[in-house]
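Below is one structure, written out as structure tokens, with a few remarks after it.
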Amino acid sequence: QHQHQHQQEVNPEEEREEGYLLLQSNCEDVALCLYDSLTSMGLEANESNTPRLSFDGMTITSRTKAWLRDQGKELHYGATSTRSTSSTKNIRRAVGNQWSSVPLIPIWTETEAACDHQSTPVHRCLFGNIIL
């Protein structure tokens with residue numbers, strides 16, 4: 001018996017699915033670097049229903065304090081910015097409408113639980129409409 005194999009024509013547009021990418025880090029500088037990398041590839045961060053608008057009431061880690069200190073020096077000397085002040089209020093932070101103040105997946109990771117216990121921030125951002 002001869003079997004005829006039928007090759008079906010597939011439209012590439014029909015095969016594509018949308019997906020999401022969760023960016024999550026307890027290191028603010030890493031989160032911002034990854035955010036910049038993803039946006040430079042054309043991905044867009046979704047706005048959060050519960051955005052982090054400040055770090056009030058949170059403990060800032062020694063790593064973040066050192067990073068902020070380094071950013072202040074760079075701003076002061078003009079290495080990465082045209083701003084001429086070393087004030088940390090002029091340093092870009094992982095706050096705003098894209099950064100979620102609450103977990104975005106139902107089960108916490110060990111890092112999230114530890115950060116919650118220590119009152120340190122976890123930096124979360126959801127990128128959506130990613131073509132898979």
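Please note that chains go A, B, ... in the order of the structure tokens, that every chain numbers its residues from 1, and that ligands are numbered from 1 in the order shown.
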
10 Å contact set for segment 105-111 of chain A, only C-alpha atoms, chain neighbours under 5 positions out, as a ChimeraX atom specification: /A:22,25-26,116-117,122

Select, from A:Val95, A:Leu34, A:Glu112, A:Phe127, the residue with the minimum atom-to-atom distance to Asp56 of chain A, counting only C-alpha atoms. A:Val95

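The spacing separating atom CA of Ala45 of chain A from atom CA of Leu32 of chain A amounts to 12.1 Å.
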
Would you mind reading off the distance between atom CA of Gln98 of chain A and atom CA of Asp70 of chain A, one decimal, in Å? 24.6 Å

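Of the listed residues A:Asn90, A:Ser40, A:Asn46, A:Gln24, the one whose atoms come nearest to Leu68 of chain A is A:Asn90, with distances taken using only C-alpha atoms.
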
Can you tell me which residues surround His123 of chain A at a distance of at most 8 Å, considering only C-alpha atoms, apart from same-chain residues fewer than 6 positions away, and format the answer as a ChimeraX atom specification? /A:23-28,31,94,99-101

Can you pull out the residues contacting Gly57 of chain A? Cut-off 12 Å, using only C-alpha atoms, and skip same-chain residues under 4 positions away; I want them as an NGL selection string. :A and (53 or 118-121)

Hey, can you spit out that residue selection with C-alpha atoms as an mmCIF file, in the first residue's frame?
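Resulting contents of result03.cif:
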data_model
loop_
_atom_site.group_PDB
_atom_site.id
_atom_site.type_symbol
_atom_site.label_atom_id
_atom_site.label_comp_id
_atom_site.auth_asym_id
_atom_site.auth_seq_id
_atom_site.Cartn_x
_atom_site.Cartn_y
_atom_site.Cartn_z
ATOM 1 C CA LEU A 53 6.658 53.888 43.591
ATOM 2 C CA GLN A 118 14.431 41.072 55.902
ATOM 3 C CA SER A 119 12.165 43.812 54.466
ATOM 4 C CA THR A 120 14.424 44.148 51.432
ATOM 5 C CA PRO A 121 12.957 44.745 47.973
#

If you run DSSP on the backbone here, which positions in segment 2-74 of chain A get helix (DSSP H, G or I)? Please write them as a PyMOL selection string. chain A and resi 12-15+28-40+62-74

Next, write the just-selected residues to a file, as a PDB file, in the first residue's frame, keeping N, CA and C atoms as the atom set.
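Written out: result-v2.pdb:
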ATOM      1  N   PRO A  12       3.150  31.155   8.867  1.00  0.00           N
ATOM      2  CA  PRO A  12       3.953  31.427  10.067  1.00  0.00           C
ATOM      3  C   PRO A  12       3.239  32.309  11.082  1.00  0.00           C
ATOM      4  N   GLU A  13       2.354  33.170  10.618  1.00  0.00           N
ATOM      5  CA  GLU A  13       1.612  34.044  11.531  1.00  0.00           C
ATOM      6  C   GLU A  13       0.679  33.235  12.425  1.00  0.00           C
ATOM      7  N   GLU A  14       0.132  32.141  11.903  1.00  0.00           N
ATOM      8  CA  GLU A  14      -0.797  31.322  12.679  1.00  0.00           C
ATOM      9  C   GLU A  14      -0.092  30.516  13.759  1.00  0.00           C
ATOM     10  N   GLU A  15       1.166  30.209  13.572  1.00  0.00           N
ATOM     11  CA  GLU A  15       1.902  29.399  14.531  1.00  0.00           C
ATOM     12  C   GLU A  15       2.373  30.190  15.740  1.00  0.00           C
ATOM     13  N   GLU A  28      19.082  45.395  42.572  1.00  0.00           N
ATOM     14  CA  GLU A  28      18.489  46.455  41.763  1.00  0.00           C
ATOM     15  C   GLU A  28      19.289  46.757  40.511  1.00  0.00           C
ATOM     16  N   ASP A  29      20.616  46.783  40.626  1.00  0.00           N
ATOM     17  CA  ASP A  29      21.442  47.081  39.450  1.00  0.00           C
ATOM     18  C   ASP A  29      21.297  46.001  38.384  1.00  0.00           C
ATOM     19  N   VAL A  30      21.174  44.746  38.806  1.00  0.00           N
ATOM     20  CA  VAL A  30      20.982  43.641  37.867  1.00  0.00           C
ATOM     21  C   VAL A  30      19.612  43.772  37.195  1.00  0.00           C
ATOM     22  N   ALA A  31      18.591  44.082  37.983  1.00  0.00           N
ATOM     23  CA  ALA A  31      17.239  44.234  37.437  1.00  0.00           C
ATOM     24  C   ALA A  31      17.205  45.350  36.390  1.00  0.00           C
ATOM     25  N   LEU A  32      17.833  46.479  36.671  1.00  0.00           N
ATOM     26  CA  LEU A  32      17.843  47.595  35.721  1.00  0.00           C
ATOM     27  C   LEU A  32      18.636  47.249  34.460  1.00  0.00           C
ATOM     28  N   CYS A  33      19.742  46.537  34.623  1.00  0.00           N
ATOM     29  CA  CYS A  33      20.549  46.121  33.464  1.00  0.00           C
ATOM     30  C   CYS A  33      19.752  45.173  32.565  1.00  0.00           C
ATOM     31  N   LEU A  34      19.076  44.197  33.168  1.00  0.00           N
ATOM     32  CA  LEU A  34      18.248  43.270  32.396  1.00  0.00           C
ATOM     33  C   LEU A  34      17.078  43.987  31.742  1.00  0.00           C
ATOM     34  N   TYR A  35      16.459  44.903  32.465  1.00  0.00           N
ATOM     35  CA  TYR A  35      15.360  45.699  31.923  1.00  0.00           C
ATOM     36  C   TYR A  35      15.835  46.445  30.667  1.00  0.00           C
ATOM     37  N   ASP A  36      16.995  47.088  30.774  1.00  0.00           N
ATOM     38  CA  ASP A  36      17.541  47.831  29.627  1.00  0.00           C
ATOM     39  C   ASP A  36      17.837  46.902  28.453  1.00  0.00           C
ATOM     40  N   SER A  37      18.370  45.728  28.744  1.00  0.00           N
ATOM     41  CA  SER A  37      18.677  44.760  27.674  1.00  0.00           C
ATOM     42  C   SER A  37      17.399  44.311  26.967  1.00  0.00           C
ATOM     43  N   LEU A  38      16.367  44.012  27.734  1.00  0.00           N
ATOM     44  CA  LEU A  38      15.106  43.552  27.148  1.00  0.00           C
ATOM     45  C   LEU A  38      14.431  44.654  26.334  1.00  0.00           C
ATOM     46  N   THR A  39      14.424  45.870  26.857  1.00  0.00           N
ATOM     47  CA  THR A  39      13.799  46.969  26.102  1.00  0.00           C
ATOM     48  C   THR A  39      14.614  47.305  24.857  1.00  0.00           C
ATOM     49  N   SER A  40      15.928  47.118  24.908  1.00  0.00           N
ATOM     50  CA  SER A  40      16.746  47.385  23.714  1.00  0.00           C
ATOM     51  C   SER A  40      16.477  46.359  22.610  1.00  0.00           C
ATOM     52  N   SER A  62      23.439  46.281  51.639  1.00  0.00           N
ATOM     53  CA  SER A  62      24.758  46.903  51.511  1.00  0.00           C
ATOM     54  C   SER A  62      25.196  46.922  50.048  1.00  0.00           C
ATOM     55  N   ARG A  63      24.825  45.899  49.278  1.00  0.00           N
ATOM     56  CA  ARG A  63      25.160  45.879  47.847  1.00  0.00           C
ATOM     57  C   ARG A  63      24.515  47.063  47.137  1.00  0.00           C
ATOM     58  N   THR A  64      23.227  47.305  47.417  1.00  0.00           N
ATOM     59  CA  THR A  64      22.520  48.418  46.786  1.00  0.00           C
ATOM     60  C   THR A  64      23.098  49.750  47.244  1.00  0.00           C
ATOM     61  N   LYS A  65      23.421  49.864  48.536  1.00  0.00           N
ATOM     62  CA  LYS A  65      24.030  51.104  49.036  1.00  0.00           C
ATOM     63  C   LYS A  65      25.339  51.390  48.307  1.00  0.00           C
ATOM     64  N   ALA A  66      26.168  50.351  48.099  1.00  0.00           N
ATOM     65  CA  ALA A  66      27.437  50.530  47.379  1.00  0.00           C
ATOM     66  C   ALA A  66      27.184  50.930  45.924  1.00  0.00           C
ATOM     67  N   TRP A  67      26.186  50.289  45.304  1.00  0.00           N
ATOM     68  CA  TRP A  67      25.838  50.622  43.919  1.00  0.00           C
ATOM     69  C   TRP A  67      25.373  52.075  43.817  1.00  0.00           C
ATOM     70  N   LEU A  68      24.512  52.502  44.747  1.00  0.00           N
ATOM     71  CA  LEU A  68      24.048  53.885  44.750  1.00  0.00           C
ATOM     72  C   LEU A  68      25.201  54.856  44.959  1.00  0.00           C
ATOM     73  N   ARG A  69      26.115  54.498  45.843  1.00  0.00           N
ATOM     74  CA  ARG A  69      27.301  55.331  46.084  1.00  0.00           C
ATOM     75  C   ARG A  69      28.117  55.453  44.800  1.00  0.00           C
ATOM     76  N   ASP A  70      28.320  54.320  44.114  1.00  0.00           N
ATOM     77  CA  ASP A  70      29.081  54.338  42.851  1.00  0.00           C
ATOM     78  C   ASP A  70      28.366  55.155  41.784  1.00  0.00           C
ATOM     79  N   GLN A  71      27.038  55.021  41.707  1.00  0.00           N
ATOM     80  CA  GLN A  71      26.272  55.796  40.733  1.00  0.00           C
ATOM     81  C   GLN A  71      26.393  57.287  41.021  1.00  0.00           C
ATOM     82  N   GLY A  72      26.373  57.636  42.294  1.00  0.00           N
ATOM     83  CA  GLY A  72      26.518  59.035  42.685  1.00  0.00           C
ATOM     84  C   GLY A  72      27.850  59.600  42.251  1.00  0.00           C
ATOM     85  N   LYS A  73      28.898  58.796  42.381  1.00  0.00           N
ATOM     86  CA  LYS A  73      30.228  59.237  41.950  1.00  0.00           C
ATOM     87  C   LYS A  73      30.266  59.404  40.439  1.00  0.00           C
ATOM     88  N   GLU A  74      29.677  58.444  39.726  1.00  0.00           N
ATOM     89  CA  GLU A  74      29.655  58.537  38.270  1.00  0.00           C
ATOM     90  C   GLU A  74      28.874  59.760  37.823  1.00  0.00           C
TER      91      GLU A  74
END

Could you state the separation of atom CA of Val102 of chain A and atom CA of Tyr20 of chain A in Å, given to one decimal place? 17.0 Å
